[in-house]
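**Q** Got a structure here, written out as structure tokens. Questions coming.
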Number of protein chains: 2
Amino acid sequence: MMKRQYPTLAEVAKVAGVSLMTASRAINNRPGVSPEKREDILRIADEMGYVVNRAAQKLSGARTRIIAVVAELHTPFTSDLVLGMGAVARAADYEMLVYSLPVCDRRPPGSILDLLHQIADGVIVILPYESDYLESVVSAHIPVVTIEQGAVSAFPSVTADNYQGAISALQHLIELGHRRIAFISGNDRLTSARDRRRAYRDILAQARLPYDPDLEVAGDFSRKSGFEAANKLLALPDRPTAIFAANDISAYGAIAAIREAGLSVPGDISVVGFDDIPIASQLHPQLTTVRQPLQQMARASVNLLLALVAGLDAPSEQIVLPTQLIVRESTTPLKARKRKDEAVKVGVGR
Amino acid sequence: MMKRQYPTLAEVAKVAGVSLMTASRAINNRPGVSPEKREDILRIADEMGYVVNRAAQKLSGARTRIIAVVAELHTPFTSDLVLGMGAVARAADYEMLVYSLPVCDRRPPGSILDLLHQIADGVIVILPYESDYLESVVSAHIPVVTIEQGAVSAFPSVTADNYQGAISALQHLIELGHRRIAFISGNDRLTSARDRRRAYRDILAQARLPYDPDLEVAGDFSRKSGFEAANKLLALPDRPTAIFAANDISAYGAIAAIREAGLSVPGDISVVGFDDIPIASQLHPQLTTVRQPLQQMARASVNLLLALVAGLDAPSEQIVLPTQLIVRESTTPLKARKRKDEAVKVGVGR
DNA sequence: TTGAAAGCGCTAACAC
DNA sequence: GTGTTAGCGCTTTCAA
């Protein structure tokens with residue numbers, strides 16, 4: 001079918017009456033072309049509708065000024081992060097391509113990373129794979145930056161301080177007088193989830209609160225898992241007065257369950273989330289949560305990647321960005337008169 | 001820096017003791033290779049970790065089995081659609097790359113489309129551009145399918161039946177006895193938004209209801225715009241008893257405003273949305289809305305594109321998929337004793 | 001069934 | 001400052 005619609009650099013050069021290389025230099029803004037010729041060539045290229053062919057560019061060993069991002073795009077957190085990265089990349093005159101990972105797979109098809117390598121100058125991998133697997137696949141073909149891998153990563157990485165963030169959330173609950181604090185975990189294949197869980201256990205020990213396995217319920221960052229986890233907690237004979245959920249989405253799931261049980265947030269149970277997704281400040285109740293520095297993470301990861309692309313050595317740099325507790329409506333001091341023995345009606349998910 | 005880490009086809013061929021072309025034929029599953037050689041070559045390629053270089057493949061005029069999607073990824077609707085497309089593409093043994101459009105720009109950087117053309121076999125463009133602009137940029141270089149362009153599109157397109165969907169939503173409200181029905185519009189640069197608006201005006205005429213310009217408030221599909229639009233409506237001397245919002249997100253914004261004003265949904269005002277995003281069945285109140293056939297749209301658009309890629313002529317095919325009214329909790333029959341003159345407290349958005 | 005040659009569009013390296 | 005050459009990895013001819 002229709003091919004060769006775009007003029008080639010050779011055609012531009014011919015029209016401009018110069019050699020291919022002169023045209024190339026002019027187009028790429030390289031030294032070694034007289035100002036007049038350069039201007040001439042650029043004008044002609046523009047008139048002819050010339051567009052550089054990135055495949056050819058890449059094939060001949062040059063940079064394409066494209067970066068790629070591999071991510072699971074199904075959560076507000078990751079999509080906002082990706083949006084932010086795109087903006088940063090564009091500001092640096094790079095384009096960004098996204099590979100949206102199938103949600104349930106445990107590891108990325110190796111061929112995808114290969115594919116991206118062939119097109120892009122560098123890749124940012126968000127989330128969920130074991131570092132050693134990534135390593136075996138990528139093995140230094142092109143620069144890679146990971147997000148959320150945490151300290152185990154063999155790659156340069158950018159991550160939020162999940163541990164300290166969780167600590168501050170839990171400390172907030174303790175300061176409010178809560179003693180029976182439950183934790184709804186995230187998907188433990190993610191370092192971020194593991195860090196938040198670790199903080200939960202550490203803070204209990206630190207505050208000399210008993211660790212009750214019943215209060216630590218498995219979740220997977222989904223709304224549904226938060227809903228179900230909360231129902232388990234509500235069914236306990238001695239239910240918690242506060243819940244720390246591993247992310248905002250599951251926190252809202254928990255809140256839904258609490259309300260269906262006829263209880264109120266924060267009146268009966270305080271809830272803290274993690275991430276500070278946009279709707280956390282819009283939905284009722286506005287959620288007390290730990291803000292991840294999304295924009296900074298986007299900026300840091302892209303800049304780190306571009307530095308690597310530029311050949312600057314930043315060997316295995318691990319950037320950890322601070323998180324921030326945002327106190328809103330979903331938490332409140334523990335009431336002195338705790339109604340311990342109130343009957344609990346357990347709702348059922350849809 | 002590190003280059004040529006991947007073995008080339010030539011190297012595989014040499015190890016296998018065959019010519020480059022024989023290896024190519026074997027790898028690409030083409031006829032013209034003896035079964036034994038084919039097996040041999042495939043085994044060796046696998047052992048050597050051979051991966052086809054798509055840039056080279058594309059450059060030499062072949063298919064890459066990659067499709068690209070251009071979309072604004074900031075809404076649940078588009079990201080879910082993209083997710084669905086990815087699944088369909090993978091099922092057809094294609095990979096899919098996403099270009100995430102900067103949200104506020106009115107038109108896509110032409111260079112992006114060019115870029116994608118150089119990598120992919122075809123492109124799906126979701127949303128927001130004037131068809132004529134797209135046309136001027138793309139001009140038949142490679143197959144393009146558009147989503148949401150509606151009838152004006154010069155390209156093959158897939159779209160939900162926005163007009164009929166809106167009609168059914170409004171008819172539902174009328175059947176419930178509502179007479180003062182407001183409309184919070186979407187971003188009118190989108191055909192989908194224009195179709196929904198058209199349905200609003202048509203249904204009023206059809207039901208012999210007066211058209212009151214005050215009841216038609218401009219929105220842009222965002223939660224905030226829904227919130228503000230609802231506040232305007234609540235401030236009217238004779239406020240509406242029902243609101244049709246152009247999408248779910250702005251419907252929830254409207255609901256938030258109504259509640260802040262001390263009124264209830266659907267008790268005082270019924271609200272209908274559009275899209276049926278996942279949380280519409282989870283948030284309180286569960287939203288009455290018009291479901292867009294997301295999976296079907298994903299399937300139809302990818303299949304249409306792949307057909308075009310395969311060279312099948314489907315010239316300017318316009319696929320319109322049916323929508324479906326989903327009645328949930330946010331709508332209720334108009335109360336006979338309408339409290340017309342109740343004082344309205346107007347909240348202010350954050 | 002196989003292979004050799006040419007070229008896709010570009011850039012790096014080395015001329016002049 | 002400018003041009004020539006070679007080659008990136010692959011596929012399409014076309015010839016054996």
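Ordering of the structure tokens sets the chain letters (A, B, ...); residue numbers start at 1 within each chain; ligands are numbered from 1 in the order shown.
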List as CSV every residue of chain C that is in contact with chain B, defined as an atom at most 9 Å from one of its atoms (using only C-alpha atoms (C1' of nucleotides)), together with the nearest atom pair and the distance in Å rounded to one decimal, sorted by chain and then rising number.

**A**
```
residue,atom,partner,partner_atom,distance
C:DT1,C1',B:Gly32,CA,5.7
C:DT2,C1',B:Thr22,CA,7.1
C:DG3,C1',B:Ser19,CA,6.4
C:DG7,C1',B:Ser60,CA,8.0
C:DC8,C1',B:Ser60,CA,4.4
C:DG9,C1',B:Leu59,CA,7.5
```

**Q** If you run DSSP on the backbone here, which positions in stretch 128-299 of chain B get helix (DSSP H, G or I)? Please write them as a PyMOL selection string.

**A** chain B and resi 131-138+150-152+162-175+191-206+213-215+223-234+248-260+278-281+294-299

**Q** Which residues of chain B come within 6 Å of chain A, and what is each one's closest atom pair and distance in Å (one decimal), counting only C-alpha atoms, sorted by chain and residue number, as a tab-separated table?

**A**
```
residue	atom	partner	partner_atom	distance
B:Ala55	CA	A:Ala55	CA	4.6
B:Leu97	CA	A:Tyr99	CA	5.2
B:Val98	CA	A:Val98	CA	4.8
B:Tyr99	CA	A:Leu97	CA	5.2
```

**Q** Go ahead and save the picked residues with N, CA, C and O atoms, as a short mmCIF file (atom, residue, chain, number, x, y, z; two decimals), in the first residue's frame.

**A**
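And here's again_30.cif as it stands now:
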```
data_model
loop_
_atom_site.label_atom_id
_atom_site.label_comp_id
_atom_site.auth_asym_id
_atom_site.auth_seq_id
_atom_site.Cartn_x
_atom_site.Cartn_y
_atom_site.Cartn_z
N ALA B 55 13.01 -1.89 14.22
CA ALA B 55 13.36 -0.69 13.47
C ALA B 55 13.86 -1.08 12.08
O ALA B 55 13.45 -0.53 11.06
N LEU B 97 1.53 0.17 21.43
CA LEU B 97 2.22 1.27 22.09
C LEU B 97 1.25 2.43 22.26
O LEU B 97 0.41 2.66 21.40
N VAL B 98 1.41 3.15 23.35
CA VAL B 98 0.48 4.23 23.62
C VAL B 98 1.22 5.56 23.61
O VAL B 98 2.30 5.68 24.18
N TYR B 99 0.65 6.53 22.95
CA TYR B 99 1.17 7.88 23.11
C TYR B 99 0.15 8.67 23.91
O TYR B 99 -0.99 8.84 23.49
#
```

**Q** Write out as a VMD selection string all residues of stretch 127-349 of chain A that backbone DSSP assigns to strand (DSSP E).

**A** chain A and resid 144 to 147 157 to 160 181 to 184 216 to 217 242 to 245 270 to 272 289 to 291 318 to 321 324 to 326

**Q** What gap, in Å, lies between atom CA of A:Pro333 and atom CA of B:Ala257?

**A**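 That distance, rounded to one decimal, is 28.1 Å.
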
**Q** Record the distance separating atom CA of A:Ile181 and atom CA of A:Ser250, expressed in Å with one decimal.

**A**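 These two atoms are separated by 15.9 Å.
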
**Q** When the cut-off is 10 Å and we count only C-alpha atoms (C1' of nucleotides), which residues of chain D are near chain B, given as a VMD selection string?

**A** chain D and resid 8 to 12

**Q** Could those selected residues go to a file with N, CA, C and O atoms (P, O5', C5', C4', C3', O3' and C1' of nucleotides), as an mmCIF file, in the first residue's frame?

**A**
```cif
data_model
loop_
_atom_site.group_PDB
_atom_site.id
_atom_site.type_symbol
_atom_site.label_atom_id
_atom_site.label_comp_id
_atom_site.auth_asym_id
_atom_site.auth_seq_id
_atom_site.Cartn_x
_atom_site.Cartn_y
_atom_site.Cartn_z
ATOM 1 P P DC D 8 27.019 -3.386 9.888
ATOM 2 O "O5'" DC D 8 25.858 -3.007 10.916
ATOM 3 C "C5'" DC D 8 26.052 -2.093 11.978
ATOM 4 C "C4'" DC D 8 24.726 -1.438 12.289
ATOM 5 C "C3'" DC D 8 23.551 -2.404 12.196
ATOM 6 O "O3'" DC D 8 23.277 -2.916 13.499
ATOM 7 C "C1'" DC D 8 23.079 -0.287 11.105
ATOM 8 P P DG D 9 23.415 -4.471 13.759
ATOM 9 O "O5'" DG D 9 22.059 -5.022 13.140
ATOM 10 C "C5'" DG D 9 20.825 -4.664 13.732
ATOM 11 C "C4'" DG D 9 19.713 -5.090 12.817
ATOM 12 C "C3'" DG D 9 19.718 -6.580 12.471
ATOM 13 O "O3'" DG D 9 18.441 -7.083 12.787
ATOM 14 C "C1'" DG D 9 19.536 -5.280 10.516
ATOM 15 P P DC D 10 18.018 -8.549 12.463
ATOM 16 O "O5'" DC D 10 17.174 -8.344 11.138
ATOM 17 C "C5'" DC D 10 15.896 -7.730 11.248
ATOM 18 C "C4'" DC D 10 15.465 -7.177 9.910
ATOM 19 C "C3'" DC D 10 15.009 -8.225 8.909
ATOM 20 O "O3'" DC D 10 13.610 -8.410 9.085
ATOM 21 C "C1'" DC D 10 16.301 -6.469 7.898
ATOM 22 P P DT D 11 12.927 -9.627 8.378
ATOM 23 O "O5'" DT D 11 12.610 -9.047 6.936
ATOM 24 C "C5'" DT D 11 11.819 -7.885 6.821
ATOM 25 C "C4'" DT D 11 11.785 -7.417 5.385
ATOM 26 C "C3'" DT D 11 11.214 -8.458 4.411
ATOM 27 O "O3'" DT D 11 10.314 -7.793 3.549
ATOM 28 C "C1'" DT D 11 13.341 -7.740 3.657
ATOM 29 P P DT D 12 9.217 -8.666 2.796
ATOM 30 O "O5'" DT D 12 9.291 -8.200 1.269
ATOM 31 C "C5'" DT D 12 9.441 -6.831 0.924
ATOM 32 C "C4'" DT D 12 10.386 -6.671 -0.250
ATOM 33 C "C3'" DT D 12 10.036 -7.520 -1.473
ATOM 34 O "O3'" DT D 12 9.467 -6.703 -2.480
ATOM 35 C "C1'" DT D 12 12.397 -7.467 -1.011
#
```

**Q** Just to confirm, what's the straight-line distance from atom CA of A:Ile27 to atom CA of A:Ala92 in Å (one decimal)?

**A** 17.8 Å
